[in-house]
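File shown: entry28.pdb. Contents: PDB, C-alpha atoms, pLDDT in the B column.
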```
ATOM      1  CA  MET S   1     -59.185   7.657  59.475  1.00 59.00           C
ATOM      2  CA  PRO S   2     -62.655   6.003  59.433  1.00 67.00           C
ATOM      3  CA  HIS S   3     -62.906   3.032  57.104  1.00 94.00           C
ATOM      4  CA  THR S   4     -66.135   1.346  55.979  1.00 97.00           C
ATOM      5  CA  ILE S   5     -66.315  -2.112  54.404  1.00 98.00           C
ATOM      6  CA  LEU S   6     -69.303  -3.377  52.448  1.00 98.00           C
ATOM      7  CA  HIS S   7     -69.212  -7.169  52.903  1.00 98.00           C
ATOM      8  CA  ILE S   8     -71.265  -9.041  50.296  1.00 98.00           C
ATOM      9  CA  ASP S   9     -71.670 -12.808  50.211  1.00 98.00           C
ATOM     10  CA  ALA S  10     -73.179 -14.285  47.045  1.00 98.00           C
ATOM     11  CA  SER S  11     -73.058 -17.982  47.928  1.00 98.00           C
ATOM     12  CA  ALA S  12     -76.393 -19.734  48.235  1.00 97.00           C
ATOM     13  CA  ARG S  13     -74.796 -21.894  50.937  1.00 96.00           C
ATOM     14  CA  ARG S  14     -74.879 -20.355  54.392  1.00 95.00           C
ATOM     15  CA  ALA S  15     -72.736 -23.163  55.876  1.00 96.00           C
ATOM     16  CA  GLY S  16     -69.683 -24.814  54.397  1.00 95.00           C
ATOM     17  CA  SER S  17     -69.072 -22.080  51.832  1.00 97.00           C
ATOM     18  CA  THR S  18     -65.469 -21.420  50.852  1.00 97.00           C
ATOM     19  CA  THR S  19     -66.228 -17.888  49.656  1.00 98.00           C
ATOM     20  CA  ARG S  20     -68.009 -17.051  52.905  1.00 98.00           C
ATOM     21  CA  GLU S  21     -65.021 -18.287  54.899  1.00 97.00           C
ATOM     22  CA  LEU S  22     -62.560 -16.300  52.775  1.00 97.00           C
ATOM     23  CA  SER S  23     -64.596 -13.086  52.634  1.00 98.00           C
ATOM     24  CA  GLY S  24     -65.134 -13.215  56.397  1.00 97.00           C
ATOM     25  CA  GLN S  25     -61.393 -13.607  56.951  1.00 96.00           C
ATOM     26  CA  MET S  26     -60.740 -10.709  54.557  1.00 96.00           C
ATOM     27  CA  VAL S  27     -62.981  -8.426  56.568  1.00 97.00           C
ATOM     28  CA  LYS S  28     -61.201  -9.421  59.798  1.00 95.00           C
ATOM     29  CA  HIS S  29     -57.732  -8.893  58.304  1.00 93.00           C
ATOM     30  CA  LEU S  30     -58.605  -5.534  56.750  1.00 93.00           C
ATOM     31  CA  GLY S  31     -60.180  -4.057  59.876  1.00 89.00           C
ATOM     32  CA  ALA S  32     -62.843  -1.381  59.648  1.00 92.00           C
ATOM     33  CA  ASN S  33     -64.596   1.187  61.771  1.00 94.00           C
ATOM     34  CA  ARG S  34     -67.874   0.088  60.213  1.00 97.00           C
ATOM     35  CA  ILE S  35     -69.010  -3.027  58.357  1.00 98.00           C
ATOM     36  CA  ILE S  36     -72.114  -3.018  56.181  1.00 98.00           C
ATOM     37  CA  ARG S  37     -73.327  -6.584  55.632  1.00 98.00           C
ATOM     38  CA  ARG S  38     -75.283  -7.797  52.611  1.00 98.00           C
ATOM     39  CA  ASP S  39     -76.026 -11.526  52.394  1.00 98.00           C
ATOM     40  CA  LEU S  40     -77.437 -12.451  48.998  1.00 98.00           C
ATOM     41  CA  ALA S  41     -78.583 -15.881  50.213  1.00 97.00           C
ATOM     42  CA  THR S  42     -81.635 -13.831  51.182  1.00 94.00           C
ATOM     43  CA  PRO S  43     -82.902 -13.304  47.638  1.00 90.00           C
ATOM     44  CA  LEU S  44     -83.212  -9.896  46.041  1.00 97.00           C
ATOM     45  CA  PRO S  45     -86.104  -9.218  43.680  1.00 96.00           C
ATOM     46  CA  LEU S  46     -85.571  -9.388  39.947  1.00 97.00           C
ATOM     47  CA  LEU S  47     -86.201  -6.359  37.781  1.00 97.00           C
ATOM     48  CA  THR S  48     -89.743  -5.918  36.499  1.00 97.00           C
ATOM     49  CA  GLU S  49     -91.316  -3.627  33.930  1.00 98.00           C
ATOM     50  CA  ASP S  50     -92.725  -1.444  36.724  1.00 98.00           C
ATOM     51  CA  TRP S  51     -89.251  -1.159  38.333  1.00 98.00           C
ATOM     52  CA  VAL S  52     -87.642  -0.175  35.025  1.00 97.00           C
ATOM     53  CA  ASN S  53     -90.347   2.428  34.394  1.00 97.00           C
ATOM     54  CA  ALA S  54     -89.879   3.838  37.903  1.00 98.00           C
ATOM     55  CA  ASN S  55     -86.111   3.974  37.439  1.00 97.00           C
ATOM     56  CA  PHE S  56     -86.428   5.965  34.209  1.00 95.00           C
ATOM     57  CA  THR S  57     -88.974   8.371  35.643  1.00 97.00           C
ATOM     58  CA  PRO S  58     -87.216  11.568  36.807  1.00 95.00           C
ATOM     59  CA  ALA S  59     -86.819  11.440  40.604  1.00 94.00           C
ATOM     60  CA  ASP S  60     -88.932  14.548  41.178  1.00 96.00           C
ATOM     61  CA  GLN S  61     -91.801  13.032  39.158  1.00 98.00           C
ATOM     62  CA  ARG S  62     -91.976   9.601  40.833  1.00 97.00           C
ATOM     63  CA  ASP S  63     -95.138   8.719  42.698  1.00 98.00           C
ATOM     64  CA  ALA S  64     -95.207   6.877  46.025  1.00 98.00           C
ATOM     65  CA  VAL S  65     -95.486   3.455  44.358  1.00 98.00           C
ATOM     66  CA  GLN S  66     -92.437   4.154  42.170  1.00 98.00           C
ATOM     67  CA  ARG S  67     -90.413   5.437  45.112  1.00 98.00           C
ATOM     68  CA  ASP S  68     -91.326   2.263  47.011  1.00 98.00           C
ATOM     69  CA  LEU S  69     -90.295   0.079  44.057  1.00 97.00           C
ATOM     70  CA  LEU S  70     -86.862   1.753  44.024  1.00 98.00           C
ATOM     71  CA  SER S  71     -86.347   1.841  47.801  1.00 98.00           C
ATOM     72  CA  LEU S  72     -84.303  -1.391  48.023  1.00 98.00           C
ATOM     73  CA  SER S  73     -82.175  -0.318  45.043  1.00 98.00           C
ATOM     74  CA  ASP S  74     -81.638   3.073  46.718  1.00 98.00           C
ATOM     75  CA  GLU S  75     -80.503   1.247  49.877  1.00 98.00           C
ATOM     76  CA  LEU S  76     -78.055  -0.961  47.931  1.00 98.00           C
ATOM     77  CA  VAL S  77     -76.623   2.048  46.075  1.00 98.00           C
ATOM     78  CA  SER S  78     -76.248   3.901  49.375  1.00 98.00           C
ATOM     79  CA  GLU S  79     -74.315   0.959  50.834  1.00 98.00           C
ATOM     80  CA  LEU S  80     -71.889   1.110  47.910  1.00 98.00           C
ATOM     81  CA  LYS S  81     -71.478   4.866  48.169  1.00 98.00           C
ATOM     82  CA  GLU S  82     -70.746   4.671  51.912  1.00 98.00           C
ATOM     83  CA  ALA S  83     -68.097   1.933  51.556  1.00 98.00           C
ATOM     84  CA  ASP S  84     -64.391   2.538  51.062  1.00 97.00           C
ATOM     85  CA  THR S  85     -63.733  -1.162  50.407  1.00 98.00           C
ATOM     86  CA  ILE S  86     -66.096  -3.755  48.978  1.00 98.00           C
ATOM     87  CA  VAL S  87     -65.380  -7.392  49.887  1.00 98.00           C
ATOM     88  CA  ILE S  88     -67.323  -9.890  47.800  1.00 98.00           C
ATOM     89  CA  GLY S  89     -67.542 -13.633  48.396  1.00 98.00           C
ATOM     90  CA  LEU S  90     -68.194 -14.876  44.862  1.00 98.00           C
ATOM     91  CA  PRO S  91     -68.575 -18.540  43.959  1.00 98.00           C
ATOM     92  CA  ILE S  92     -68.510 -19.476  40.294  1.00 98.00           C
ATOM     93  CA  TYR S  93     -71.768 -21.216  39.405  1.00 97.00           C
ATOM     94  CA  ASN S  94     -71.876 -22.787  35.955  1.00 96.00           C
ATOM     95  CA  PHE S  95     -69.028 -20.592  34.681  1.00 96.00           C
ATOM     96  CA  SER S  96     -70.668 -17.355  35.823  1.00 97.00           C
ATOM     97  CA  VAL S  97     -71.939 -15.422  38.834  1.00 98.00           C
ATOM     98  CA  PRO S  98     -74.777 -16.671  41.037  1.00 98.00           C
ATOM     99  CA  ALA S  99     -78.199 -15.370  39.999  1.00 97.00           C
ATOM    100  CA  ALA S 100     -78.482 -13.550  43.333  1.00 97.00           C
ATOM    101  CA  PHE S 101     -75.333 -11.551  42.533  1.00 98.00           C
ATOM    102  CA  LYS S 102     -76.660 -10.685  39.075  1.00 98.00           C
ATOM    103  CA  ALA S 103     -79.858  -9.410  40.743  1.00 98.00           C
ATOM    104  CA  TRP S 104     -77.676  -7.197  42.995  1.00 98.00           C
ATOM    105  CA  ILE S 105     -75.848  -5.844  39.944  1.00 98.00           C
ATOM    106  CA  ASP S 106     -79.133  -5.038  38.205  1.00 98.00           C
ATOM    107  CA  LEU S 107     -80.283  -3.109  41.270  1.00 98.00           C
ATOM    108  CA  ILE S 108     -77.066  -1.063  41.713  1.00 98.00           C
ATOM    109  CA  ALA S 109     -76.221  -0.227  38.080  1.00 98.00           C
ATOM    110  CA  ARG S 110     -78.306   2.940  37.804  1.00 97.00           C
ATOM    111  CA  VAL S 111     -77.708   5.883  35.535  1.00 95.00           C
ATOM    112  CA  GLY S 112     -77.236   9.078  37.507  1.00 95.00           C
ATOM    113  CA  GLU S 113     -76.528   7.114  40.691  1.00 96.00           C
ATOM    114  CA  THR S 114     -73.576   4.816  40.005  1.00 98.00           C
ATOM    115  CA  PHE S 115     -72.727   5.763  36.413  1.00 97.00           C
ATOM    116  CA  ALA S 116     -73.466   8.555  33.954  1.00 97.00           C
ATOM    117  CA  TYR S 117     -73.447   8.864  30.190  1.00 94.00           C
ATOM    118  CA  SER S 118     -71.065  11.312  28.550  1.00 92.00           C
ATOM    119  CA  GLU S 119     -69.963  12.150  25.022  1.00 94.00           C
ATOM    120  CA  THR S 120     -67.127   9.650  25.419  1.00 93.00           C
ATOM    121  CA  GLY S 121     -69.361   6.881  26.783  1.00 93.00           C
ATOM    122  CA  PRO S 122     -70.406   5.733  30.254  1.00 95.00           C
ATOM    123  CA  LYS S 123     -68.471   7.010  33.272  1.00 97.00           C
ATOM    124  CA  GLY S 124     -68.499   5.329  36.677  1.00 98.00           C
ATOM    125  CA  LEU S 125     -69.439   7.549  39.609  1.00 98.00           C
ATOM    126  CA  LEU S 126     -68.026   5.379  42.428  1.00 98.00           C
ATOM    127  CA  GLU S 127     -64.346   6.173  41.963  1.00 97.00           C
ATOM    128  CA  GLY S 128     -61.728   5.896  44.703  1.00 97.00           C
ATOM    129  CA  LYS S 129     -63.011   2.606  46.115  1.00 98.00           C
ATOM    130  CA  ARG S 130     -61.310  -0.770  46.342  1.00 97.00           C
ATOM    131  CA  ALA S 131     -62.914  -4.158  45.753  1.00 98.00           C
ATOM    132  CA  ILE S 132     -61.562  -7.551  46.775  1.00 98.00           C
ATOM    133  CA  LEU S 133     -63.173 -10.701  45.447  1.00 98.00           C
ATOM    134  CA  ALA S 134     -62.974 -14.058  47.206  1.00 98.00           C
ATOM    135  CA  VAL S 135     -63.639 -16.406  44.297  1.00 98.00           C
ATOM    136  CA  ALA S 136     -64.096 -20.177  44.512  1.00 98.00           C
ATOM    137  CA  SER S 137     -64.852 -22.758  41.864  1.00 97.00           C
ATOM    138  CA  GLY S 138     -65.062 -26.491  41.496  1.00 96.00           C
ATOM    139  CA  GLY S 139     -63.367 -26.852  38.111  1.00 95.00           C
ATOM    140  CA  THR S 140     -63.151 -23.445  36.476  1.00 96.00           C
ATOM    141  CA  ALA S 141     -59.743 -21.781  36.586  1.00 96.00           C
ATOM    142  CA  VAL S 142     -60.058 -18.103  37.548  1.00 96.00           C
ATOM    143  CA  ASP S 143     -59.294 -15.780  34.622  1.00 95.00           C
ATOM    144  CA  SER S 144     -59.449 -18.645  32.123  1.00 97.00           C
ATOM    145  CA  GLU S 145     -61.446 -18.378  28.911  1.00 96.00           C
ATOM    146  CA  ILE S 146     -64.360 -20.158  30.608  1.00 97.00           C
ATOM    147  CA  ASP S 147     -64.401 -17.920  33.698  1.00 97.00           C
ATOM    148  CA  PHE S 148     -67.232 -15.516  32.966  1.00 97.00           C
ATOM    149  CA  ALA S 149     -67.765 -14.692  36.653  1.00 98.00           C
ATOM    150  CA  THR S 150     -64.506 -12.939  37.526  1.00 98.00           C
ATOM    151  CA  THR S 151     -64.135 -11.088  34.235  1.00 96.00           C
ATOM    152  CA  TYR S 152     -67.781  -9.984  34.322  1.00 98.00           C
ATOM    153  CA  THR S 153     -67.535  -8.795  37.916  1.00 98.00           C
ATOM    154  CA  ARG S 154     -64.363  -6.804  37.179  1.00 98.00           C
ATOM    155  CA  HIS S 155     -66.112  -5.229  34.191  1.00 98.00           C
ATOM    156  CA  VAL S 156     -69.270  -4.305  36.098  1.00 98.00           C
ATOM    157  CA  LEU S 157     -67.322  -2.855  39.022  1.00 98.00           C
ATOM    158  CA  GLY S 158     -65.214  -0.833  36.584  1.00 98.00           C
ATOM    159  CA  PHE S 159     -68.374   0.330  34.829  1.00 98.00           C
ATOM    160  CA  VAL S 160     -69.567   1.956  38.069  1.00 98.00           C
ATOM    161  CA  GLY S 161     -66.094   3.402  38.728  1.00 98.00           C
ATOM    162  CA  ILE S 162     -64.481   0.767  40.974  1.00 98.00           C
ATOM    163  CA  THR S 163     -61.326  -0.035  39.023  1.00 98.00           C
ATOM    164  CA  GLU S 164     -59.081  -1.230  41.866  1.00 97.00           C
ATOM    165  CA  VAL S 165     -60.179  -4.876  41.969  1.00 98.00           C
ATOM    166  CA  GLU S 166     -58.120  -7.651  43.555  1.00 97.00           C
ATOM    167  CA  VAL S 167     -58.996 -11.333  43.246  1.00 98.00           C
ATOM    168  CA  ILE S 168     -58.118 -14.037  45.755  1.00 97.00           C
ATOM    169  CA  ALA S 169     -59.011 -17.399  44.301  1.00 97.00           C
ATOM    170  CA  ALA S 170     -59.641 -20.852  45.646  1.00 97.00           C
ATOM    171  CA  ASP S 171     -60.308 -22.219  42.199  1.00 96.00           C
ATOM    172  CA  ARG S 172     -60.493 -25.724  40.773  1.00 96.00           C
ATOM    173  CA  MET S 173     -61.273 -27.077  44.227  1.00 95.00           C
ATOM    174  CA  ALA S 174     -62.626 -30.314  42.773  1.00 95.00           C
ATOM    175  CA  LEU S 175     -59.047 -31.222  41.794  1.00 94.00           C
ATOM    176  CA  ASP S 176     -57.158 -30.357  45.008  1.00 94.00           C
ATOM    177  CA  PRO S 177     -59.318 -28.629  47.610  1.00 93.00           C
ATOM    178  CA  GLU S 178     -56.652 -28.478  50.321  1.00 94.00           C
ATOM    179  CA  ALA S 179     -54.068 -26.778  48.085  1.00 94.00           C
ATOM    180  CA  ALA S 180     -56.608 -24.342  46.618  1.00 94.00           C
ATOM    181  CA  LEU S 181     -57.887 -23.322  50.029  1.00 94.00           C
ATOM    182  CA  GLU S 182     -54.408 -23.122  51.574  1.00 95.00           C
ATOM    183  CA  GLY S 183     -53.227 -20.769  48.818  1.00 95.00           C
ATOM    184  CA  ALA S 184     -56.301 -18.569  49.162  1.00 96.00           C
ATOM    185  CA  ARG S 185     -55.995 -18.404  52.949  1.00 95.00           C
ATOM    186  CA  ALA S 186     -52.343 -17.360  52.640  1.00 95.00           C
ATOM    187  CA  ALA S 187     -53.309 -14.615  50.181  1.00 95.00           C
ATOM    188  CA  VAL S 188     -56.004 -13.375  52.590  1.00 95.00           C
ATOM    189  CA  ALA S 189     -53.471 -13.269  55.447  1.00 92.00           C
ATOM    190  CA  ARG S 190     -51.215 -11.053  53.307  1.00 91.00           C
ATOM    191  CA  LEU S 191     -53.986  -8.437  52.990  1.00 85.00           C
ATOM    192  CA  ALA S 192     -53.176  -7.040  56.417  1.00 67.00           C
ATOM    193  CA  ALA S 193     -49.430  -6.936  55.733  1.00 57.00           C
TER
END
```
As structure tokens:
Amino acid sequence: MPHTILHIDASARRAGSTTRELSGQMVKHLGANRIIRRDLATPLPLLTEDWVNANFTPADQRDAVQRDLLSLSDELVSELKEADTIVIGLPIYNFSVPAAFKAWIDLIARVGETFAYSETGPKGLLEGKRAILAVASGGTAVDSEIDFATTYTRHVLGFVGITEVEVIAADRMALDPEAALEGARAAVARLAA
């Protein structure tokens, strides 16, 4: 059965990044017929007033400028829709997600595309997908009260319908980098089992 992985790296570091190493190993262990690659070290644009106005203009009423403003967002949403599994290399920067990852979230969280409003509240439209996060931190323990990155990412993914989220952490690397990385690598190796 064909399997597509969307591989996202959010680290600003292109070399020497723990999350890049782990997410790359995840992709290898999982195997896929197709890999869609999105490297957020190449910055995404931030939302602007014109983008927001274009987004809230009905699709059949958008002019060429508005369609152009939304074209990158449309591409990012399409990547998510096409993927069966989303692998995200996610470092914790200052207790939260990197700004580049937040920009990605802002561009993919679109009403009518990835979620819809209902009488019972928002409903995610990207159900039936799996996400695996490769998280690394210097001093923040994953899932602790000061980890706003992992909890936020789980929430946002759930908001768009991706509720099967697994976390592999190499956290608190400033204390014992070898042990943190060894544990994370072992967890990655078990993905294929």
Find the nearest atom pair between each residue of segment 22-43 of chain S and segment 124-146 of chain S for residues within 9 Å, count all atoms listed in the file, give distances in Å to one decimal, sort rows by chain and ascending number, and present the table as a tab-separated table.
```
residue	atom	partner	partner_atom	distance
S:Leu22	CA	S:Ala134	CA	6.0
S:Ser23	CA	S:Ala134	CA	5.7
S:Met26	CA	S:Ala134	CA	8.4
```
What would the selection look like, as a tab-separated table (two decimals) with C-alpha atoms, in the frame of the given file, if the PyMOL selection byres ((chain S and resi 9-14) around 12) were run on the coordinates I just shared?
```
chain	number	residue	atom	x	y	z
S	6	LEU	CA	-69.30	-3.38	52.45
S	7	HIS	CA	-69.21	-7.17	52.90
S	8	ILE	CA	-71.26	-9.04	50.30
S	15	ALA	CA	-72.74	-23.16	55.88
S	16	GLY	CA	-69.68	-24.81	54.40
S	17	SER	CA	-69.07	-22.08	51.83
S	18	THR	CA	-65.47	-21.42	50.85
S	19	THR	CA	-66.23	-17.89	49.66
S	20	ARG	CA	-68.01	-17.05	52.90
S	21	GLU	CA	-65.02	-18.29	54.90
S	22	LEU	CA	-62.56	-16.30	52.78
S	23	SER	CA	-64.60	-13.09	52.63
S	24	GLY	CA	-65.13	-13.22	56.40
S	26	MET	CA	-60.74	-10.71	54.56
S	27	VAL	CA	-62.98	-8.43	56.57
S	36	ILE	CA	-72.11	-3.02	56.18
S	37	ARG	CA	-73.33	-6.58	55.63
S	38	ARG	CA	-75.28	-7.80	52.61
S	39	ASP	CA	-76.03	-11.53	52.39
S	40	LEU	CA	-77.44	-12.45	49.00
S	41	ALA	CA	-78.58	-15.88	50.21
S	42	THR	CA	-81.64	-13.83	51.18
S	43	PRO	CA	-82.90	-13.30	47.64
S	44	LEU	CA	-83.21	-9.90	46.04
S	86	ILE	CA	-66.10	-3.76	48.98
S	87	VAL	CA	-65.38	-7.39	49.89
S	88	ILE	CA	-67.32	-9.89	47.80
S	89	GLY	CA	-67.54	-13.63	48.40
S	90	LEU	CA	-68.19	-14.88	44.86
S	91	PRO	CA	-68.58	-18.54	43.96
S	92	ILE	CA	-68.51	-19.48	40.29
S	93	TYR	CA	-71.77	-21.22	39.40
S	96	SER	CA	-70.67	-17.36	35.82
S	97	VAL	CA	-71.94	-15.42	38.83
S	98	PRO	CA	-74.78	-16.67	41.04
S	99	ALA	CA	-78.20	-15.37	40.00
S	100	ALA	CA	-78.48	-13.55	43.33
S	101	PHE	CA	-75.33	-11.55	42.53
S	102	LYS	CA	-76.66	-10.68	39.08
S	103	ALA	CA	-79.86	-9.41	40.74
S	104	TRP	CA	-77.68	-7.20	43.00
S	105	ILE	CA	-75.85	-5.84	39.94
S	132	ILE	CA	-61.56	-7.55	46.78
S	133	LEU	CA	-63.17	-10.70	45.45
S	134	ALA	CA	-62.97	-14.06	47.21
S	135	VAL	CA	-63.64	-16.41	44.30
S	136	ALA	CA	-64.10	-20.18	44.51
S	137	SER	CA	-64.85	-22.76	41.86
S	149	ALA	CA	-67.76	-14.69	36.65
```
Å distance separating atom CA of Thr4 of chain S from atom CA of Ala170 of chain S, one decimal place: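 Distance reported for this atom pair: 25.3 Å.
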Distance of atom CA of Ile5 of chain S from atom CA of Ala83 of chain S, expressed in Å to one decimal place: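 Between these atoms lies a distance of 5.3 Å.
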Picked residues, the PyMOL selection byres ((chain S and resi 185) around 10), as a ChimeraX atom specification: /S:21-22,25-26,168-170,179-184,186-190
Two-atom distance - atom CA of Ala109 of chain S, atom CA of Arg62 of chain S (Å):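 Rounded to one decimal, the two atoms are 18.8 Å apart.
For Arg154 of chain S, the residues within 10 Å (counting all atoms listed in the file, excluding itself and residues fewer than 3 positions away along the chain) are Ala131, Leu133, Ala149, Thr150, Thr151, Leu157, Gly158, Phe159, Ile162, Thr163, Glu164, Val165, Glu166 and Val167 of chain S.
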Report, as lines of an AutoDock Vina configuration file, the axis-aligned box around all atoms of segment 186-190 of chain S present in the file, extended by 4 Å on each side; give centre and edge lengths in Å to one decimal place.
```
center_x = -53.6
center_y = -14.2
center_z = 52.8
size_x = 12.8
size_y = 14.3
size_z = 13.3
```
Nearest to Asp106 of chain S by atom-to-atom distance, counting only C-alpha atoms, from S:Ala64, S:Pro45, S:Tyr152, S:Gly161: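 Under the stated criterion, the closest residue is S:Pro45.
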Residues in the PyMOL selection byres ((chain S and resi 122) around 12), expressed as a PyMOL selection string: chain S and resi 109-112+114-121+123-125+156+158-161
